Each structure stands twice: as C-alpha cells, then as structure tokens.
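Undergrad: Contents of start_4.txt (compact mmCIF, C-alpha atoms) are given next:
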```
# COMPACT_ATOMS: atom_id res chain seq x y z
CA GLY Q 1 0.00 0.00 0.00
CA PRO Q 2 1.00 3.68 -0.10
CA LEU Q 3 3.58 4.95 2.34
CA MET Q 4 2.38 7.29 5.07
CA ASP Q 5 4.90 9.93 6.13
CA PRO Q 6 8.03 7.86 5.35
CA PHE Q 7 11.15 8.57 7.36
CA ASN Q 8 13.81 9.79 4.95
CA ILE Q 9 17.48 9.35 5.79
CA ASN Q 10 20.03 11.18 3.70
CA PHE Q 11 23.63 11.10 4.87
CA GLU Q 12 25.20 12.14 1.58
CA ALA Q 13 27.42 14.71 3.29
CA ASP Q 14 28.99 12.52 5.98
CA ARG Q 15 30.34 9.09 5.13
CA ASN Q 16 31.43 8.46 8.71
CA LEU Q 17 27.80 7.97 9.69
CA LEU Q 18 27.41 4.96 7.42
CA LYS Q 19 28.84 2.25 9.63
CA GLY Q 20 26.19 0.96 11.97
CA LEU Q 21 23.46 2.73 10.05
CA LEU Q 22 19.93 1.42 9.45
CA THR Q 23 19.19 0.51 13.06
CA ASN Q 24 16.23 1.68 15.14
CA ILE Q 25 14.43 3.42 12.30
CA PRO Q 26 10.66 3.65 11.79
CA VAL Q 27 8.55 1.33 9.70
CA ASN Q 28 8.45 2.03 5.94
CA SER Q 29 11.68 4.02 5.97
CA ILE Q 30 13.24 5.28 2.76
CA VAL Q 31 17.04 5.34 3.00
CA TYR Q 32 19.05 7.49 0.61
CA LEU Q 33 22.77 6.72 0.32
CA ASN Q 34 23.36 8.45 -3.00
CA ASN Q 35 26.47 10.23 -4.31
CA LEU Q 36 28.76 8.95 -1.54
CA GLU Q 37 31.41 7.19 -3.61
CA LEU Q 38 30.55 4.09 -1.60
CA SER Q 39 33.02 1.27 -2.12
CA ASP Q 40 32.00 -2.37 -2.01
CA ASN Q 41 33.63 -2.86 1.40
CA LEU Q 42 31.90 0.10 3.02
CA LEU Q 43 28.65 -0.97 1.44
CA TYR Q 44 29.00 -4.32 3.17
CA SER Q 45 29.19 -2.56 6.55
CA VAL Q 46 25.98 -0.71 5.78
CA LEU Q 47 24.12 -3.71 4.38
CA HIS Q 48 24.91 -5.89 7.37
CA ASN Q 49 22.07 -4.16 9.19
CA LEU Q 50 19.55 -5.21 6.56
CA GLU Q 51 19.59 -8.66 8.10
CA THR Q 52 18.07 -7.46 11.35
CA ASN Q 53 16.09 -4.44 10.13
CA LYS Q 54 12.64 -5.13 8.76
CA HIS Q 55 11.56 -1.51 8.41
CA ILE Q 56 13.31 -0.42 5.22
CA TYR Q 57 10.87 -0.01 2.34
CA GLU Q 58 13.23 1.57 -0.19
CA LEU Q 59 17.03 1.64 -0.40
CA CYS Q 60 18.62 4.13 -2.82
CA LEU Q 61 22.31 3.62 -3.69
CA ARG Q 62 22.55 5.80 -6.78
CA ASN Q 63 25.83 7.12 -8.14
CA ASN Q 64 28.36 5.23 -6.05
CA ASN Q 65 31.28 2.90 -6.84
CA ILE Q 66 29.38 -0.36 -6.49
CA THR Q 67 30.77 -3.19 -8.62
CA PHE Q 68 29.66 -6.81 -9.05
CA VAL Q 69 31.16 -7.53 -5.61
CA GLY Q 70 28.90 -4.94 -4.00
CA MET Q 71 25.95 -6.32 -5.92
CA PHE Q 72 26.71 -9.73 -4.46
CA PHE Q 73 26.69 -8.19 -0.96
CA ILE Q 74 23.29 -6.65 -1.71
CA TYR Q 75 21.99 -10.01 -2.90
CA PHE Q 76 23.48 -11.78 0.11
CA HIS Q 77 21.89 -9.51 2.69
CA ILE Q 78 18.51 -9.15 1.03
CA LYS Q 79 18.18 -12.89 0.60
CA ARG Q 80 19.17 -13.61 4.21
CA TYR Q 81 19.15 -17.32 3.77
CA ILE Q 82 22.60 -18.34 2.67
CA GLU Q 83 22.57 -21.57 4.62
CA ASP Q 84 26.12 -21.72 5.96
CA GLY Q 85 26.40 -17.99 6.64
CA ASN Q 86 29.63 -17.61 4.67
CA THR Q 87 30.03 -14.51 2.49
CA ARG Q 88 31.43 -16.02 -0.67
CA ILE Q 89 30.83 -14.92 -4.21
CA ASP Q 90 28.75 -17.34 -6.25
CA ASN Q 91 29.16 -16.68 -9.96
CA ILE Q 92 26.89 -19.55 -10.97
CA CYS Q 93 23.84 -17.54 -11.94
CA ASP Q 94 21.74 -20.60 -12.65
CA SER Q 95 22.15 -21.98 -9.14
CA LEU Q 96 19.17 -21.68 -6.83
CA ILE Q 97 19.77 -21.48 -3.11
CA LYS Q 98 17.09 -23.33 -1.21
CA PRO Q 99 15.39 -21.19 1.46
CA VAL Q 100 15.83 -22.16 5.08
CA GLU Q 101 12.44 -22.93 6.60
CA ASN Q 102 10.97 -20.37 9.02
CA ARG Q 103 13.65 -17.81 8.17
CA GLN Q 104 12.39 -14.23 8.04
CA TYR Q 105 13.05 -12.07 5.01
CA THR Q 106 13.84 -8.39 4.67
CA SER Q 107 10.87 -6.15 3.94
CA LEU Q 108 12.72 -4.21 1.24
CA LYS Q 109 10.41 -3.43 -1.68
CA ILE Q 110 12.44 -1.04 -3.86
CA LEU Q 111 16.16 -1.17 -4.68
CA ASP Q 112 17.85 1.60 -6.68
CA VAL Q 113 21.43 0.88 -7.80
CA SER Q 114 21.45 3.23 -10.79
CA HIS Q 115 24.66 4.97 -11.88
CA ASN Q 116 27.14 2.41 -10.56
CA LYS Q 117 29.63 -0.08 -12.05
CA ILE Q 118 27.72 -3.32 -11.75
CA GLY Q 119 28.33 -4.64 -15.27
CA ASP Q 120 27.40 -8.08 -16.58
CA ASP Q 121 28.85 -9.91 -13.58
CA GLY Q 122 26.76 -7.83 -11.20
CA ALA Q 123 23.70 -8.37 -13.36
CA CYS Q 124 23.98 -12.01 -12.32
CA TYR Q 125 22.87 -11.00 -8.82
CA ILE Q 126 20.09 -8.79 -10.13
CA GLY Q 127 18.78 -11.86 -11.90
CA LYS Q 128 19.17 -13.98 -8.78
CA LEU Q 129 17.38 -11.36 -6.67
CA ILE Q 130 14.45 -11.29 -9.08
CA ARG Q 131 14.39 -15.08 -9.16
CA GLU Q 132 14.75 -15.80 -5.46
CA SER Q 133 13.42 -12.77 -3.57
CA VAL Q 134 10.08 -12.80 -1.81
CA ASN Q 135 9.12 -9.17 -1.13
CA LEU Q 136 11.11 -7.16 -3.69
CA GLN Q 137 8.90 -5.21 -6.10
CA LYS Q 138 11.16 -2.89 -8.10
CA ILE Q 139 14.80 -2.71 -9.17
CA PHE Q 140 16.32 0.34 -10.87
CA ALA Q 141 19.66 -0.50 -12.51
CA GLY Q 142 20.17 2.09 -15.24
CA HIS Q 143 23.64 3.44 -16.12
CA ASN Q 144 25.55 0.29 -15.10
CA ASN Q 145 27.31 -0.89 -18.27
CA ILE Q 146 25.11 -3.98 -18.45
CA GLY Q 147 25.40 -5.69 -21.82
CA ASP Q 148 23.86 -8.70 -23.52
CA GLU Q 149 25.33 -11.26 -21.10
CA GLY Q 150 23.95 -9.35 -18.15
CA ALA Q 151 20.58 -8.98 -19.84
CA LYS Q 152 20.51 -12.75 -20.37
CA LYS Q 153 21.05 -13.35 -16.65
CA ILE Q 154 18.34 -10.87 -15.71
CA ALA Q 155 15.97 -12.42 -18.24
CA SER Q 156 16.57 -15.81 -16.64
CA GLY Q 157 15.49 -14.36 -13.31
CA LEU Q 158 12.32 -12.96 -14.85
CA ILE Q 159 11.45 -16.33 -16.34
CA LEU Q 160 12.15 -18.45 -13.28
CA THR Q 161 10.93 -16.17 -10.50
CA ARG Q 162 8.02 -17.14 -8.31
CA ASN Q 163 7.86 -13.64 -6.84
CA THR Q 164 4.52 -12.34 -8.11
CA ASN Q 165 5.18 -9.03 -6.32
CA PHE Q 166 8.03 -8.05 -8.64
CA ILE Q 167 6.50 -5.52 -11.06
CA ALA Q 168 9.09 -2.98 -12.27
CA LEU Q 169 12.59 -3.10 -13.78
CA LYS Q 170 14.65 -0.22 -15.16
CA LEU Q 171 17.63 -1.09 -17.37
CA ASN Q 172 17.94 2.23 -19.17
CA ASN Q 173 21.26 3.66 -20.38
CA ASN Q 174 23.12 0.36 -20.57
CA ASN Q 175 24.75 -1.54 -23.45
CA ILE Q 176 22.00 -4.02 -24.28
CA SER Q 177 21.73 -4.89 -27.97
CA TYR Q 178 19.99 -7.57 -30.05
CA LYS Q 179 20.91 -10.73 -28.11
CA GLY Q 180 20.09 -9.23 -24.75
CA CYS Q 181 16.89 -7.67 -26.06
CA ASN Q 182 15.80 -11.01 -27.50
CA ASN Q 183 16.35 -12.75 -24.15
CA ILE Q 184 14.35 -10.09 -22.34
CA VAL Q 185 11.47 -10.29 -24.85
CA VAL Q 186 11.35 -14.05 -24.35
CA ALA Q 187 11.22 -13.42 -20.61
CA LEU Q 188 8.35 -10.96 -21.07
CA SER Q 189 6.34 -13.62 -22.85
CA LYS Q 190 6.72 -15.93 -19.86
CA ASN Q 191 6.57 -13.51 -16.93
CA LYS Q 192 2.93 -12.51 -16.39
CA HIS Q 193 3.44 -10.15 -13.45
CA LEU Q 194 5.93 -7.48 -14.61
CA LYS Q 195 4.13 -4.18 -15.23
CA MET Q 196 6.96 -1.82 -16.17
CA LEU Q 197 10.20 -2.28 -18.14
CA ASP Q 198 12.52 0.53 -19.21
CA LEU Q 199 15.07 -0.23 -21.95
CA THR Q 200 15.58 3.33 -23.17
CA HIS Q 201 19.04 4.47 -24.23
CA ASN Q 202 20.51 1.07 -25.01
CA ASN Q 203 21.98 -0.24 -28.26
CA LEU Q 204 18.64 -1.28 -29.71
CA ASP Q 205 18.47 -1.41 -33.50
CA TYR Q 206 15.83 -2.20 -36.11
CA ASN Q 207 16.05 -5.93 -35.40
CA CYS Q 208 15.35 -5.28 -31.72
CA TYR Q 209 12.27 -3.24 -32.55
CA GLU Q 210 11.12 -6.04 -34.86
CA ILE Q 211 11.14 -8.68 -32.13
CA ILE Q 212 9.49 -6.25 -29.72
CA LEU Q 213 6.75 -5.57 -32.27
CA GLN Q 214 6.29 -9.31 -32.78
CA PHE Q 215 5.88 -9.72 -29.03
CA LEU Q 216 3.34 -6.91 -28.87
CA SER Q 217 1.41 -8.22 -31.87
CA SER Q 218 0.86 -11.52 -30.07
CA PHE Q 219 0.38 -9.91 -26.67
CA ASP Q 220 -1.20 -12.25 -24.14
CA CYS Q 221 -4.08 -10.65 -22.28
CA SER Q 222 -2.96 -12.43 -19.12
CA ASN Q 223 0.29 -10.45 -19.25
CA MET Q 224 0.32 -7.51 -16.81
CA LEU Q 225 2.84 -5.37 -18.73
CA THR Q 226 1.44 -1.85 -19.16
CA ASN Q 227 4.58 0.29 -19.52
CA LEU Q 228 7.33 -0.71 -21.96
CA SER Q 229 9.84 2.05 -22.78
CA ILE Q 230 12.30 1.49 -25.64
CA THR Q 231 12.84 4.86 -27.29
CA ASN Q 232 16.03 6.89 -27.15
CA ASP Q 233 14.58 10.32 -26.45
CA GLY Q 234 14.55 12.05 -23.09
CA SER Q 235 16.88 11.37 -20.19
CA GLY Q 236 17.19 8.20 -18.14
```
Any chance you could put this one into structure tokens?
TA:
Amino acid sequence: GPLMDPFNINFEADRNLLKGLLTNIPVNSIVYLNNLELSDNLLYSVLHNLETNKHIYELCLRNNNITFVGMFFIYFHIKRYIEDGNTRIDNICDSLIKPVENRQYTSLKILDVSHNKIGDDGACYIGKLIRESVNLQKIFAGHNNIGDEGAKKIASGLILTRNTNFIALKLNNNNISYKGCNNIVVALSKNKHLKMLDLTHNNLDYNCYEIILQFLSSFDCSNMLTNLSITNDGSG
C-alpha cells in the first residue's frame, strides 16, 4: 500500500555515519545513500544491518562505486538465507539457493542501484534477486554498463521467479543490444506479473524493434505489462 509519512534518511554529506546505520528506524523508511562514492567494502558494513532491520521499504544507492562484488553483498543480505552464513561470491547464476524454513526475510520493496559499475557480472545477482526474492517489487539498474550477457542473466530471473510481487525493472542507459533484447522479450512472454520495463538508451536497433513488435502483436491478455519504454529520447 502507499507509504504514510516515510522517514527519509540522507547522509550524503557525511560518510562516517554509514557504519552501523539502518538501526532503530521507523517502519516504511526510505534510506538514501546516494552520491557517496561508496566502495564495495563500506557498502558491506551498511548492508549488514539489513539482516536485522525489517523496516526499510526503499534503499537508494545511486551514483556510487558499487561493482559486481557490492551487488553480491546486496543479494546476500537481502536474501538472508545463505545456509552456511559464509560470504562467498557465487558466480553460478543458474544456481538456486534453497530457502531455510521459518527464516524471516527483509521487507525491502524497492532497490535503486542506478549509476554504478555493476556490469554483466553484477547483473547475475540482479537476476538472482528477481528469481529468489520474496518481497522485492522494483529494481532500478540504469547506467551500469550492463550488456547482452547481463541482460541474459536478468531475463533468466524474470522467467524463473516465483515472486509475483516483482512488477518494475529499469535497465535504461546500458549496453544491451539484439541478443540481450531477445532474451528479455522471451522473458516478457513468460513472466505474467511485470508491469513496467525501461530499456531506453541502449543499443537497440531495427532488429530489436522487430522482435518487440512481434511480441506486442501476439500480446497475451494475461500479461500484466502496461509500460514498456524502448525509445532513445529524453533522459534516463
């Protein structure tokens, strides 16, 4: 439902406040950690608190120095059910970690990692989040140098997810071209719950528009998609 008077935290001016952050904050908090030049290691210190905090509705990490390592940390702490508790990087994007029974999940609904350095390797964890998360509704990952390989991993998450709450994905201003676009269109034909997808300002050509038009011409009425952006005008 709609947020009522969300508590906004913005510590963009003081990085020293980051460690130990996200504790004792109100329900439905929106946390802004934008423009801080956050490294992966410092991000880990911040995200550690996600495991015990169930009040964060939206986490904004725009315009930092988050790489695929940081994206793994985000995945690790949002998931909260890595069985052995070890923080190790799993590059096998097709692996599915079985949930631990009776384990509580974070309440995070919206994740914004736009304007970072996630790349194709980090897109693996975006795909895994979409596939394995329970409560996540929206991911914004524009301006991250995600190409066709990354788009393929994200598309796999869209196809295999059982999270019917996930409804919005922004991949604008990346390097997705025909192969990645084709994988995403295939995912759209199988995922019946996504409502919004932004692919503006990628490397889409005539062939990409052709497969998108083919998808739209055979649009399934059971599909929930209502907002598909593919043009290259405006800003992302």
Undergrad: Sort by chain and increasing residue number a table of all residues of region 30-68 of chain Q within 10 Å of region 132-152 of chain Q, each with its closest pair of atoms and their distance in Å to one decimal, counting all atoms listed in the file, and write it as CSV.
TA:
```
residue,atom,partner,partner_atom,distance
Q:Tyr57,CA,Q:Leu136,CA,9.4
Q:Glu58,CA,Q:Lys138,CA,9.3
Q:Cys60,CA,Q:Phe140,CA,9.2
Q:Leu61,CA,Q:Phe140,CA,9.9
Q:Arg62,CA,Q:Ala141,CA,9.0
Q:Asn63,CA,Q:His143,CA,9.1
Q:Ile66,CA,Q:Asn144,CA,9.4
Q:Thr67,CA,Q:Asn144,CA,9.0
```
Undergrad: Quick one: distance from CA of Gly180 (chain Q) to CA of Phe73 (chain Q) in Å, one decimal?
TA: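 Answer for the CA of Gly180 (chain Q) to CA of Phe73 (chain Q) separation: 24.7 Å.
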Undergrad: Rounded to one decimal in Å, what is the spacing between CA of Asn227 (chain Q) and CA of Met196 (chain Q)?
TA: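 Atom-to-atom, CA of Asn227 (chain Q) and CA of Met196 (chain Q) are spaced 4.6 Å apart.
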Undergrad: Residues within 12 Å of region 173-176 of chain Q, please, as a tab-separated table (two decimals) with C-alpha atoms, in the frame of the given file. Count all atoms listed in the file; anything in the same chain fewer than 2 positions from it doesn't count.
TA:
```tsv
chain	number	residue	atom	x	y	z
Q	114	SER	CA	21.45	3.23	-10.79
Q	115	HIS	CA	24.66	4.97	-11.88
Q	116	ASN	CA	27.14	2.41	-10.56
Q	117	LYS	CA	29.63	-0.08	-12.05
Q	118	ILE	CA	27.72	-3.32	-11.75
Q	119	GLY	CA	28.33	-4.64	-15.27
Q	120	ASP	CA	27.40	-8.08	-16.58
Q	123	ALA	CA	23.70	-8.37	-13.36
Q	140	PHE	CA	16.32	0.34	-10.87
Q	141	ALA	CA	19.66	-0.50	-12.51
Q	142	GLY	CA	20.17	2.09	-15.24
Q	143	HIS	CA	23.64	3.44	-16.12
Q	144	ASN	CA	25.55	0.29	-15.10
Q	145	ASN	CA	27.31	-0.89	-18.27
Q	146	ILE	CA	25.11	-3.98	-18.45
Q	147	GLY	CA	25.40	-5.69	-21.82
Q	148	ASP	CA	23.86	-8.70	-23.52
Q	149	GLU	CA	25.33	-11.26	-21.10
Q	150	GLY	CA	23.95	-9.35	-18.15
Q	151	ALA	CA	20.58	-8.98	-19.84
Q	152	LYS	CA	20.51	-12.75	-20.37
Q	154	ILE	CA	18.34	-10.87	-15.71
Q	155	ALA	CA	15.97	-12.42	-18.24
Q	170	LYS	CA	14.65	-0.22	-15.16
Q	171	LEU	CA	17.63	-1.09	-17.37
Q	178	TYR	CA	19.99	-7.57	-30.05
Q	179	LYS	CA	20.91	-10.73	-28.11
Q	180	GLY	CA	20.09	-9.23	-24.75
Q	181	CYS	CA	16.89	-7.67	-26.06
Q	182	ASN	CA	15.80	-11.01	-27.50
Q	183	ASN	CA	16.35	-12.75	-24.15
Q	184	ILE	CA	14.35	-10.09	-22.34
Q	198	ASP	CA	12.52	0.53	-19.21
Q	199	LEU	CA	15.07	-0.23	-21.95
Q	200	THR	CA	15.58	3.33	-23.17
Q	201	HIS	CA	19.04	4.47	-24.23
Q	202	ASN	CA	20.51	1.07	-25.01
Q	203	ASN	CA	21.98	-0.24	-28.26
Q	204	LEU	CA	18.64	-1.28	-29.71
Q	205	ASP	CA	18.47	-1.41	-33.50
Q	208	CYS	CA	15.35	-5.28	-31.72
Q	229	SER	CA	9.84	2.05	-22.78
Q	230	ILE	CA	12.30	1.49	-25.64
Q	231	THR	CA	12.84	4.86	-27.29
Q	232	ASN	CA	16.03	6.89	-27.15
Q	233	ASP	CA	14.58	10.32	-26.45
Q	234	GLY	CA	14.55	12.05	-23.09
Q	235	SER	CA	16.88	11.37	-20.19
Q	236	GLY	CA	17.19	8.20	-18.14
```
Undergrad: Kindly give the distance, in Å, that separates CA of Ile126 (chain Q) and CA of Val186 (chain Q), rounded to a single decimal.
TA: 17.5 Å
Undergrad: Skip Tyr44 (chain Q) itself and residues of its chain fewer than 6 positions away, then list as an mmCIF file with C-alpha atoms, in the frame of the given file all residues within 9 Å of it, counting only C-alpha atoms.
TA:
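Okay, out.cif is ready:
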```
data_model
loop_
_atom_site.group_PDB
_atom_site.id
_atom_site.type_symbol
_atom_site.label_atom_id
_atom_site.label_comp_id
_atom_site.auth_asym_id
_atom_site.auth_seq_id
_atom_site.Cartn_x
_atom_site.Cartn_y
_atom_site.Cartn_z
ATOM 1 C CA GLY Q 70 28.900 -4.940 -4.000
ATOM 2 C CA PHE Q 73 26.690 -8.190 -0.960
ATOM 3 C CA ILE Q 74 23.290 -6.650 -1.710
ATOM 4 C CA HIS Q 77 21.890 -9.510 2.690
#
```
